[in-house]
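Source file: input-v1.txt. Holds: compact mmCIF, C-alpha atoms.
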```
# COMPACT_ATOMS: atom_id res chain seq x y z
CA MET A 1 -1.00 11.42 -12.46
CA ARG A 2 -3.78 12.74 -10.25
CA ILE A 3 -4.37 10.49 -7.25
CA LEU A 4 -7.23 10.63 -4.75
CA SER A 5 -5.67 9.22 -1.58
CA ILE A 6 -8.11 8.43 1.24
CA GLN A 7 -6.11 7.55 4.34
CA SER A 8 -5.20 8.50 7.87
CA SER A 9 -2.91 11.40 8.70
CA VAL A 10 -0.49 12.23 11.51
CA ALA A 11 1.17 15.51 12.41
CA TYR A 12 4.38 13.86 13.66
CA GLY A 13 5.90 11.07 11.62
CA HIS A 14 4.92 9.21 8.50
CA VAL A 15 1.98 6.83 8.18
CA GLY A 16 -1.10 6.85 5.95
CA ASN A 17 -1.33 9.99 3.85
CA SER A 18 1.55 11.44 5.86
CA ALA A 19 3.66 8.64 4.35
CA ALA A 20 2.14 8.42 0.88
CA VAL A 21 1.65 12.02 -0.26
CA PHE A 22 5.22 13.32 -0.21
CA PRO A 23 6.75 10.39 -2.16
CA LEU A 24 4.03 10.69 -4.79
CA GLN A 25 4.60 14.42 -5.06
CA ARG A 26 8.37 13.85 -5.22
CA LEU A 27 7.70 11.68 -8.27
CA GLY A 28 5.81 14.57 -9.83
CA HIS A 29 2.22 13.49 -9.25
CA GLU A 30 -0.71 15.55 -8.00
CA VAL A 31 -2.28 14.10 -4.85
CA TRP A 32 -5.67 14.95 -3.39
CA PRO A 33 -5.36 13.76 0.22
CA VAL A 34 -8.60 13.02 2.05
CA LEU A 35 -8.04 12.32 5.76
CA THR A 36 -9.87 9.64 7.74
CA VAL A 37 -8.15 10.56 11.02
CA HIS A 38 -5.81 13.33 12.06
CA PHE A 39 -3.71 12.13 14.98
CA SER A 40 -0.72 13.67 16.69
CA ASN A 41 1.34 10.55 15.89
CA HIS A 42 0.84 6.94 14.84
CA THR A 43 -0.72 4.52 17.27
CA GLY A 44 2.44 2.43 17.57
CA TYR A 45 3.59 4.81 20.30
CA GLY A 46 0.75 3.57 22.48
CA ALA A 47 -0.64 7.07 23.06
CA TRP A 48 -1.91 9.69 20.66
CA ARG A 49 -4.33 12.60 20.40
CA GLY A 50 -6.57 13.96 17.71
CA PRO A 51 -9.86 13.30 15.95
CA LEU A 52 -11.12 10.14 14.31
CA LEU A 53 -13.20 11.59 11.48
CA ALA A 54 -16.73 10.31 10.93
CA PRO A 55 -17.42 8.54 7.64
CA SER A 56 -20.03 11.19 6.88
CA ALA A 57 -17.41 13.92 7.26
CA VAL A 58 -15.05 12.11 4.90
CA ALA A 59 -17.89 11.67 2.41
CA GLU A 60 -18.55 15.42 2.58
CA VAL A 61 -14.95 16.19 1.63
CA ILE A 62 -15.17 13.83 -1.34
CA ALA A 63 -18.50 15.37 -2.34
CA GLY A 64 -16.86 18.79 -2.25
CA ILE A 65 -14.18 17.57 -4.66
CA ALA A 66 -16.95 16.20 -6.88
CA ASP A 67 -18.60 19.63 -6.77
CA ARG A 68 -15.52 21.04 -8.47
CA GLY A 69 -16.18 18.68 -11.38
CA VAL A 70 -12.71 17.15 -11.20
CA LEU A 71 -13.25 13.57 -9.98
CA GLY A 72 -13.19 12.44 -13.61
CA ASP A 73 -9.66 13.85 -13.83
CA ALA A 74 -8.42 11.40 -11.20
CA ASP A 75 -6.23 8.62 -12.58
CA ALA A 76 -6.32 6.54 -9.41
CA VAL A 77 -7.78 6.09 -5.95
CA LEU A 78 -5.47 4.92 -3.17
CA SER A 79 -6.62 3.61 0.21
CA GLY A 80 -4.95 2.07 3.25
CA TYR A 81 -6.17 1.26 6.76
CA GLN A 82 -9.96 1.02 6.97
CA GLY A 83 -11.02 0.82 10.58
CA ASP A 84 -14.76 0.55 10.00
CA PRO A 85 -17.00 -0.89 7.27
CA ALA A 86 -18.79 2.46 7.10
CA MET A 87 -15.49 4.12 6.15
CA GLY A 88 -14.88 1.36 3.66
CA ALA A 89 -18.25 2.07 2.08
CA VAL A 90 -17.32 5.75 1.69
CA ILE A 91 -14.08 4.77 -0.03
CA LEU A 92 -15.86 2.36 -2.38
CA ASP A 93 -18.44 5.03 -3.19
CA ALA A 94 -15.57 7.34 -4.15
CA VAL A 95 -14.08 4.59 -6.32
CA THR A 96 -17.44 4.22 -8.07
CA LEU A 97 -17.68 7.97 -8.68
CA VAL A 98 -14.15 8.15 -10.09
CA LYS A 99 -14.48 5.07 -12.28
CA THR A 100 -17.87 6.19 -13.59
CA ALA A 101 -16.29 9.44 -14.74
CA ASN A 102 -13.03 7.81 -15.83
CA PRO A 103 -13.30 4.07 -16.57
CA ASP A 104 -9.52 3.86 -16.97
CA ALA A 105 -8.89 4.97 -13.37
CA LEU A 106 -7.23 2.48 -11.05
CA TYR A 107 -8.13 1.57 -7.49
CA CYS A 108 -5.13 0.53 -5.36
CA CYS A 109 -6.01 -0.98 -1.99
CA ASP A 110 -3.50 -1.74 0.73
CA PRO A 111 -5.56 -4.26 2.77
CA VAL A 112 -4.17 -3.41 6.19
CA MET A 113 -5.12 -6.13 8.67
CA GLY A 114 -2.15 -7.56 10.50
CA ASP A 115 1.36 -8.94 10.31
CA VAL A 116 3.55 -11.84 11.40
CA GLY A 117 4.18 -11.72 15.13
CA ARG A 118 1.33 -9.29 15.76
CA GLY A 119 -1.57 -11.20 14.28
CA MET A 120 -4.65 -9.24 13.32
CA PHE A 121 -4.62 -5.74 14.78
CA VAL A 122 -7.84 -4.39 13.26
CA ARG A 123 -11.34 -4.63 14.71
CA PRO A 124 -13.19 -7.96 14.44
CA GLY A 125 -14.97 -8.22 11.11
CA ILE A 126 -12.63 -5.87 9.24
CA PRO A 127 -10.47 -8.65 7.72
CA GLU A 128 -13.55 -10.41 6.37
CA TYR A 129 -14.95 -7.11 5.07
CA LEU A 130 -11.71 -6.37 3.23
CA ARG A 131 -11.53 -9.89 1.80
CA ASP A 132 -15.15 -10.19 0.73
CA VAL A 133 -16.12 -6.63 -0.21
CA VAL A 134 -13.12 -4.35 -0.78
CA VAL A 135 -10.41 -6.48 -2.37
CA PRO A 136 -12.67 -7.76 -5.19
CA ARG A 137 -13.28 -4.12 -6.20
CA ALA A 138 -9.58 -3.25 -6.42
CA ASP A 139 -7.37 -3.25 -9.49
CA ILE A 140 -4.18 -3.40 -7.39
CA VAL A 141 -3.76 -4.88 -3.90
CA THR A 142 -0.59 -4.76 -1.82
CA PRO A 143 -0.88 -7.22 1.09
CA ASN A 144 2.03 -8.40 3.16
CA GLN A 145 2.57 -12.16 3.31
CA PHE A 146 0.47 -12.56 6.47
CA GLU A 147 -2.43 -10.67 4.89
CA LEU A 148 -2.11 -12.63 1.65
CA GLU A 149 -2.49 -15.90 3.55
CA PHE A 150 -5.71 -14.64 5.11
CA LEU A 151 -7.10 -13.32 1.84
CA ALA A 152 -6.33 -16.60 0.06
CA GLY A 153 -7.15 -18.91 2.98
CA ARG A 154 -3.95 -20.91 2.56
CA PRO A 155 -0.34 -21.00 3.83
CA THR A 156 2.62 -19.78 1.76
CA ASN A 157 5.59 -21.94 2.75
CA SER A 158 7.22 -21.94 -0.68
CA VAL A 159 7.28 -19.89 -3.86
CA ASP A 160 4.75 -22.25 -5.42
CA ASP A 161 2.47 -21.81 -2.39
CA LEU A 162 2.83 -18.05 -2.63
CA LEU A 163 1.95 -17.94 -6.32
CA ALA A 164 -1.07 -20.21 -5.73
CA ALA A 165 -2.27 -17.87 -2.99
CA VAL A 166 -1.82 -14.83 -5.24
CA ASP A 167 -3.72 -16.56 -8.03
CA ALA A 168 -6.58 -17.24 -5.61
CA VAL A 169 -6.74 -13.56 -4.68
CA ARG A 170 -6.50 -12.42 -8.31
CA ALA A 171 -9.39 -14.72 -9.18
CA THR A 172 -11.61 -12.58 -6.94
CA GLY A 173 -10.97 -9.42 -8.98
CA PRO A 174 -7.62 -7.61 -8.66
CA ARG A 175 -5.44 -7.65 -11.77
CA HIS A 176 -2.25 -6.82 -9.93
CA VAL A 177 -0.98 -8.13 -6.59
CA LEU A 178 2.16 -6.93 -4.84
CA VAL A 179 3.16 -9.07 -1.83
CA THR A 180 5.55 -7.50 0.66
CA SER A 181 7.67 -8.90 3.51
CA VAL A 182 7.88 -12.34 1.92
CA VAL A 183 9.89 -14.90 3.90
CA HIS A 184 9.36 -18.61 3.15
CA ASP A 185 11.41 -21.77 2.78
CA ASP A 186 12.76 -20.72 -0.64
CA VAL A 187 13.98 -17.28 0.50
CA PRO A 188 17.67 -17.17 1.50
CA ALA A 189 18.44 -16.60 5.18
CA GLY A 190 18.91 -12.95 6.06
CA SER A 191 16.82 -11.83 3.10
CA LEU A 192 13.24 -11.02 2.24
CA GLU A 193 11.39 -10.74 -1.01
CA VAL A 194 8.74 -8.61 -2.63
CA VAL A 195 6.66 -10.33 -5.32
CA ALA A 196 4.60 -8.76 -8.11
CA VAL A 197 2.05 -10.74 -10.11
CA SER A 198 -0.14 -9.69 -13.04
CA ASP A 199 -1.54 -11.18 -16.23
CA ALA A 200 1.89 -10.59 -17.77
CA GLY A 201 3.73 -12.83 -15.29
CA ALA A 202 5.26 -12.97 -11.84
CA TRP A 203 8.50 -11.46 -10.56
CA ALA A 204 10.43 -11.31 -7.30
CA VAL A 205 13.04 -8.97 -5.90
CA THR A 206 15.30 -10.14 -3.07
CA THR A 207 16.87 -7.65 -0.66
CA PRO A 208 18.82 -7.95 2.57
CA LEU A 209 16.60 -8.08 5.64
CA LEU A 210 17.34 -4.94 7.64
CA PRO A 211 16.83 -5.03 11.43
CA ILE A 212 14.13 -2.37 11.39
CA TYR A 213 10.32 -2.46 11.36
CA PRO A 214 9.01 1.13 11.22
CA ASN A 215 5.37 2.05 10.88
CA GLY A 216 4.25 3.39 7.53
CA CYS A 217 6.49 1.31 5.27
CA GLY A 218 3.51 -0.44 3.69
CA ASP A 219 1.81 2.89 3.05
CA VAL A 220 4.83 4.18 1.12
CA THR A 221 5.18 0.89 -0.75
CA ALA A 222 1.59 0.90 -1.98
CA ALA A 223 1.86 4.52 -3.13
CA LEU A 224 5.12 3.98 -5.00
CA TYR A 225 3.99 0.75 -6.67
CA LEU A 226 0.75 2.36 -7.84
CA ALA A 227 2.66 5.30 -9.30
CA HIS A 228 5.36 3.28 -11.02
CA LEU A 229 2.95 0.64 -12.37
CA ALA A 230 0.61 3.26 -13.78
CA THR A 231 3.36 5.31 -15.39
CA THR A 232 5.51 2.47 -16.80
CA GLY A 233 2.90 -0.22 -17.45
CA SER A 234 5.49 -2.77 -16.32
CA PRO A 235 5.01 -4.73 -13.05
CA ALA A 236 8.69 -5.78 -13.13
CA THR A 237 9.94 -2.20 -13.50
CA ALA A 238 7.50 -0.94 -10.87
CA LEU A 239 8.71 -3.68 -8.52
CA GLU A 240 12.37 -2.79 -9.05
CA ARG A 241 11.83 0.94 -8.57
CA THR A 242 9.60 0.50 -5.52
CA THR A 243 11.90 -1.89 -3.69
CA ALA A 244 14.96 0.23 -4.49
CA SER A 245 13.36 3.32 -2.97
CA ILE A 246 11.98 1.49 0.06
CA PHE A 247 15.33 -0.14 0.82
CA ALA A 248 17.05 3.25 0.62
CA VAL A 249 14.46 4.81 2.95
CA LEU A 250 14.83 1.94 5.44
CA ALA A 251 18.62 2.16 5.30
CA ALA A 252 18.47 5.91 5.99
CA THR A 253 16.02 5.32 8.84
CA LEU A 254 18.28 2.66 10.37
CA ALA A 255 21.30 4.94 10.08
CA ALA A 256 19.40 7.79 11.73
CA GLY A 257 18.45 5.58 14.68
CA THR A 258 14.83 6.70 14.62
CA ARG A 259 11.53 4.86 14.45
CA GLU A 260 10.10 7.34 11.93
CA LEU A 261 10.73 6.81 8.21
CA GLN A 262 13.35 9.17 6.83
CA LEU A 263 11.38 10.11 3.73
CA VAL A 264 12.79 13.61 3.42
CA ALA A 265 16.39 12.54 3.99
CA ALA A 266 16.07 9.77 1.37
CA GLN A 267 13.98 11.74 -1.10
CA SER A 268 16.58 11.51 -3.87
CA ALA A 269 16.19 7.72 -3.82
CA ILE A 270 12.44 8.20 -4.23
CA ALA A 271 12.71 10.58 -7.16
CA ASP A 272 15.51 8.57 -8.81
CA PRO A 273 15.50 4.99 -7.47
CA PRO A 274 18.98 3.40 -7.34
CA MET A 275 18.37 0.19 -9.28
CA ARG A 276 20.26 -2.21 -7.03
CA PHE A 277 17.87 -5.16 -6.99
CA PRO A 278 16.84 -6.74 -10.30
CA ALA A 279 13.48 -8.44 -10.68
CA ARG A 280 13.68 -12.09 -11.67
CA PRO A 281 10.80 -13.93 -13.31
CA LEU A 282 9.05 -16.60 -11.26
CA ARG A 283 7.00 -17.95 -14.16
```
Produce structure tokens that represent the structure in this file.
Amino acid sequence: MRILSIQSSVAYGHVGNSAAVFPLQRLGHEVWPVLTVHFSNHTGYGAWRGPLLAPSAVAEVIAGIADRGVLGDADAVLSGYQGDPAMGAVILDAVTLVKTANPDALYCCDPVMGDVGRGMFVRPGIPEYLRDVVVPRADIVTPNQFELEFLAGRPTNSVDDLLAAVDAVRATGPRHVLVTSVVHDDVPAGSLEVVAVSDAGAWAVTTPLLPIYPNGCGDVTAALYLAHLATTGSPATALERTTASIFAVLAATLAAGTRELQLVAAQSAIADPPMRFPARPLR
């Protein structure tokens, strides 16, 4: 595949494009990374340096790619954190350009807004912008459970609640929804689930809940699910491969005792996912 990935970048660590590009390349895909910021490290450290790129500058980079006449060769557009509606507009313009040249291209949006325990951590208005403008334009969305509840406007206290919420989001436009970090009354204690839903059905994978919450995990998850879904055409297979790789990366990160994802150390589990966790149908 050829993937236009419009995301943040850090020199130290793995978030945004610095989390997504290497796993995609390790799977054999070409990635065209367009940076929205270039920081020294992710903001979870509380201090960082580096430029926040203007939307106009990002648009110029995309225009330069268009000048090469290759945007129609892109099979997918991938986006993550969008800190400003103006940046979101640039990303959606790029999606329009790619899809106009290649109607079969996919747009995968990770609607980064917040998480359980942290609440919303983006600027006021961004969650509504993502819900009302961006998500309806996406083919694939990869919210965590907290973000899903906001997008759907309803709680997810059971598997039936979760599926109803996903159906509400899919009714706005996306064909595929991957929900991460799922913990509700039907999930066994000490476990979490990842759920994939499409027109073909709904599936869940259950894994042990590891005591680790590194930045960038959602960025890697969205990239891997996009790649595996596009190449296999099977949401269940994409779910199994993605969760297997992510669990291996998290296990390696926990063993290393670091807060930065061990993508390089666990790269074999990215290229050849150890299929430990089978997907089970939910309906």
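Shortest separation to Val31 of chain A among A:Asn17, A:Val90, A:Thr231, A:Asn215 occurs at residue A:Asn17, atoms counted being all atoms listed in the file.
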Q | Contact residues around segment 109-111 of chain A with only C-alpha atoms at 10 Å, ignoring same-chain residues under 6 positions, as a ChimeraX atom specification | A | /A:77-82,126-127,130-131,134-135,137-144,147-148,151,174,177-178,218-219,221-223,226
Q) If we count all atoms listed in the file, what is near Lys99 of chain A at a cut-off of 10 Å, once residues fewer than 5 positions away on the same chain are taken out, given as a ChimeraX atom specification? A) /A:71-72,74-77,93-94,104-107
May I have the centre and edge lengths, in Å to one decimal, of an axis-aligned box around the listed atoms of segment 113-119 of chain A with 8 Å added to every side, as JSON?
```
{"center_x": -0.5, "center_y": -9.0, "center_z": 12.2, "size_x": 25.3, "size_y": 21.7, "size_z": 23.1}
```
(Q) Considering only C-alpha atoms, can you say which of A:Val169, A:Ile212, A:Leu282, A:Val10 comes closest to Thr258 of chain A? (A) A:Ile212
List the spatial neighbours of Val166 of chain A as an mmCIF file with C-alpha atoms, keeping the file's coordinate frame - criterion: any atom at most 10 Å away, only C-alpha atoms, same-chain residues fewer than 2 positions off excluded.
```
data_model
loop_
_atom_site.group_PDB
_atom_site.id
_atom_site.type_symbol
_atom_site.label_atom_id
_atom_site.label_comp_id
_atom_site.auth_asym_id
_atom_site.auth_seq_id
_atom_site.Cartn_x
_atom_site.Cartn_y
_atom_site.Cartn_z
ATOM 1 C CA PRO A 143 -0.880 -7.220 1.090
ATOM 2 C CA GLN A 145 2.570 -12.160 3.310
ATOM 3 C CA LEU A 148 -2.110 -12.630 1.650
ATOM 4 C CA GLU A 149 -2.490 -15.900 3.550
ATOM 5 C CA LEU A 151 -7.100 -13.320 1.840
ATOM 6 C CA ALA A 152 -6.330 -16.600 0.060
ATOM 7 C CA THR A 156 2.620 -19.780 1.760
ATOM 8 C CA ASP A 160 4.750 -22.250 -5.420
ATOM 9 C CA ASP A 161 2.470 -21.810 -2.390
ATOM 10 C CA LEU A 162 2.830 -18.050 -2.630
ATOM 11 C CA LEU A 163 1.950 -17.940 -6.320
ATOM 12 C CA ALA A 164 -1.070 -20.210 -5.730
ATOM 13 C CA ALA A 168 -6.580 -17.240 -5.610
ATOM 14 C CA VAL A 169 -6.740 -13.560 -4.680
ATOM 15 C CA ARG A 170 -6.500 -12.420 -8.310
ATOM 16 C CA ALA A 171 -9.390 -14.720 -9.180
ATOM 17 C CA PRO A 174 -7.620 -7.610 -8.660
ATOM 18 C CA HIS A 176 -2.250 -6.820 -9.930
ATOM 19 C CA VAL A 177 -0.980 -8.130 -6.590
ATOM 20 C CA LEU A 178 2.160 -6.930 -4.840
ATOM 21 C CA VAL A 179 3.160 -9.070 -1.830
ATOM 22 C CA VAL A 195 6.660 -10.330 -5.320
ATOM 23 C CA ALA A 196 4.600 -8.760 -8.110
ATOM 24 C CA VAL A 197 2.050 -10.740 -10.110
ATOM 25 C CA SER A 198 -0.140 -9.690 -13.040
ATOM 26 C CA ALA A 202 5.260 -12.970 -11.840
#
```
Need the neighbours of (14.2, 1.2, -6.5): which residues are at most 7 Å away, counting all atoms listed in the file, as a compact mmCIF listing (two decimals) with C-alpha atoms, in the coordinates of the input?
```
# COMPACT_ATOMS: atom_id res chain seq x y z
CA GLU A 240 12.37 -2.79 -9.05
CA ARG A 241 11.83 0.94 -8.57
CA THR A 242 9.60 0.50 -5.52
CA THR A 243 11.90 -1.89 -3.69
CA ALA A 244 14.96 0.23 -4.49
CA SER A 245 13.36 3.32 -2.97
CA ILE A 246 11.98 1.49 0.06
CA PRO A 273 15.50 4.99 -7.47
CA PRO A 274 18.98 3.40 -7.34
CA MET A 275 18.37 0.19 -9.28
CA ARG A 276 20.26 -2.21 -7.03
```
Q) Looking at only C-alpha atoms, which of A:Ala255, A:Arg280, A:Phe146, A:Ser8 is the one that sits closest to Thr206 of chain A? A)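 Among the listed residues, A:Arg280 lies closest to Thr206 of chain A.
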Q: Find the residue from A:Leu27, A:Ala165, A:Val205, A:Ala236 that sits nearest to Met1 of chain A; use only C-alpha atoms when measuring.
A: A:Leu27
Q) Of the candidates A:Thr207, A:Ser9, A:Thr237, A:Thr253, which shows the shortest atom-to-atom distance to Gly50 of chain A, using all atoms listed in the file? A)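 Closest to Gly50 of chain A, using all atoms listed in the file: A:Ser9.
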Q: Would you work out the distance separating atom CA of Val37 of chain A from atom CA of Leu229 of chain A, expressed in Å to one decimal?
A: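 Taking atom CA of Val37 of chain A and atom CA of Leu229 of chain A, their separation equals 27.7 Å.
Reported to one decimal place, the separation of atom CA of Ala66 of chain A from atom CA of Gln7 of chain A is 17.8 Å.
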Q.
Ranking A:Val116, A:Arg2, A:Ala230, A:Pro155 by minimum distance to Thr180 of chain A and counting only C-alpha atoms, which one comes first?
A. A:Val116
Q: Name the residues in contact with Ala248 of chain A at a cut-off of 8 Å, using all atoms listed in the file, excluding same-chain residues fewer than 4 positions from it; report them as a count of residues only.
A: 4
Q) So what do you get for atom CA of Arg49 of chain A versus atom CA of Val122 of chain A, distance-wise? A)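 Atom-to-atom, atom CA of Arg49 of chain A to atom CA of Val122 of chain A, that is 18.8 Å.
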Q: Do a neighbour search on Asn157 of chain A at 10 Å with all atoms listed in the file, toss out local chain neighbours closer than 4 positions, and write the hits as a VMD selection string.
A: chain A and resid 161 to 162 182 to 187
Residues from last step as file, C-alpha atoms, as an mmCIF file, in the frame of the given file:
```
data_model
loop_
_atom_site.group_PDB
_atom_site.id
_atom_site.type_symbol
_atom_site.label_atom_id
_atom_site.label_comp_id
_atom_site.auth_asym_id
_atom_site.auth_seq_id
_atom_site.Cartn_x
_atom_site.Cartn_y
_atom_site.Cartn_z
ATOM 1 C CA ASP A 161 2.470 -21.810 -2.390
ATOM 2 C CA LEU A 162 2.830 -18.050 -2.630
ATOM 3 C CA VAL A 182 7.880 -12.340 1.920
ATOM 4 C CA VAL A 183 9.890 -14.900 3.900
ATOM 5 C CA HIS A 184 9.360 -18.610 3.150
ATOM 6 C CA ASP A 185 11.410 -21.770 2.780
ATOM 7 C CA ASP A 186 12.760 -20.720 -0.640
ATOM 8 C CA VAL A 187 13.980 -17.280 0.500
#
```
Complete segment 216-225 of chain A with all heavy atoms (output as a JSON list (two decimals), in the coordinates of the input).
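Okay, part.json is ready:
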```
[["chain", "number", "residue", "atom", "x", "y", "z"],
["A", 216, "GLY", "N", 4.43, 2.59, 8.72],
["A", 216, "GLY", "CA", 4.25, 3.39, 7.53],
["A", 216, "GLY", "C", 4.94, 2.85, 6.29],
["A", 216, "GLY", "O", 4.70, 3.37, 5.19],
["A", 217, "CYS", "N", 5.76, 1.82, 6.43],
["A", 217, "CYS", "CA", 6.49, 1.31, 5.27],
["A", 217, "CYS", "C", 5.53, 0.77, 4.21],
["A", 217, "CYS", "O", 5.73, 1.00, 3.01],
["A", 217, "CYS", "CB", 7.46, 0.22, 5.72],
["A", 217, "CYS", "SG", 8.63, -0.28, 4.45],
["A", 218, "GLY", "N", 4.49, 0.07, 4.64],
["A", 218, "GLY", "CA", 3.51, -0.44, 3.69],
["A", 218, "GLY", "C", 2.75, 0.65, 2.98],
["A", 218, "GLY", "O", 2.39, 0.50, 1.78],
["A", 219, "ASP", "N", 2.52, 1.77, 3.66],
["A", 219, "ASP", "CA", 1.81, 2.89, 3.05],
["A", 219, "ASP", "C", 2.65, 3.50, 1.91],
["A", 219, "ASP", "O", 2.11, 3.84, 0.84],
["A", 219, "ASP", "CB", 1.50, 3.96, 4.09],
["A", 219, "ASP", "CG", 0.67, 3.41, 5.24],
["A", 219, "ASP", "OD1", -0.20, 2.57, 4.99],
["A", 219, "ASP", "OD2", 0.91, 3.83, 6.40],
["A", 220, "VAL", "N", 3.95, 3.65, 2.16],
["A", 220, "VAL", "CA", 4.83, 4.18, 1.12],
["A", 220, "VAL", "C", 4.93, 3.20, -0.04],
["A", 220, "VAL", "O", 4.90, 3.59, -1.22],
["A", 220, "VAL", "CB", 6.23, 4.48, 1.69],
["A", 220, "VAL", "CG1", 7.12, 5.09, 0.60],
["A", 220, "VAL", "CG2", 6.15, 5.43, 2.87],
["A", 221, "THR", "N", 5.04, 1.91, 0.28],
["A", 221, "THR", "CA", 5.18, 0.89, -0.75],
["A", 221, "THR", "C", 3.99, 0.88, -1.69],
["A", 221, "THR", "O", 4.15, 0.84, -2.92],
["A", 221, "THR", "CB", 5.35, -0.50, -0.11],
["A", 221, "THR", "OG1", 6.53, -0.50, 0.71],
["A", 221, "THR", "CG2", 5.47, -1.58, -1.16],
["A", 222, "ALA", "N", 2.79, 0.91, -1.14],
["A", 222, "ALA", "CA", 1.59, 0.90, -1.98],
["A", 222, "ALA", "C", 1.55, 2.13, -2.88],
["A", 222, "ALA", "O", 1.21, 2.03, -4.07],
["A", 222, "ALA", "CB", 0.33, 0.85, -1.11],
["A", 223, "ALA", "N", 1.89, 3.28, -2.34],
["A", 223, "ALA", "CA", 1.86, 4.52, -3.13],
["A", 223, "ALA", "C", 2.86, 4.46, -4.28],
["A", 223, "ALA", "O", 2.55, 4.79, -5.42],
["A", 223, "ALA", "CB", 2.15, 5.72, -2.24],
["A", 224, "LEU", "N", 4.08, 4.03, -3.97],
["A", 224, "LEU", "CA", 5.12, 3.98, -5.00],
["A", 224, "LEU", "C", 4.79, 2.95, -6.08],
["A", 224, "LEU", "O", 4.99, 3.20, -7.28],
["A", 224, "LEU", "CB", 6.48, 3.67, -4.38],
["A", 224, "LEU", "CG", 7.08, 4.74, -3.47],
["A", 224, "LEU", "CD1", 8.41, 4.27, -2.91],
["A", 224, "LEU", "CD2", 7.25, 6.05, -4.22],
["A", 225, "TYR", "N", 4.29, 1.78, -5.67],
["A", 225, "TYR", "CA", 3.99, 0.75, -6.67],
["A", 225, "TYR", "C", 2.86, 1.21, -7.59],
["A", 225, "TYR", "O", 2.93, 1.02, -8.81],
["A", 225, "TYR", "CB", 3.64, -0.57, -5.99],
["A", 225, "TYR", "CG", 3.52, -1.71, -6.98],
["A", 225, "TYR", "CD1", 4.66, -2.22, -7.61],
["A", 225, "TYR", "CD2", 2.29, -2.26, -7.30],
["A", 225, "TYR", "CE1", 4.57, -3.24, -8.54],
["A", 225, "TYR", "CE2", 2.19, -3.29, -8.23],
["A", 225, "TYR", "CZ", 3.33, -3.78, -8.84],
["A", 225, "TYR", "OH", 3.23, -4.79, -9.76]]
```
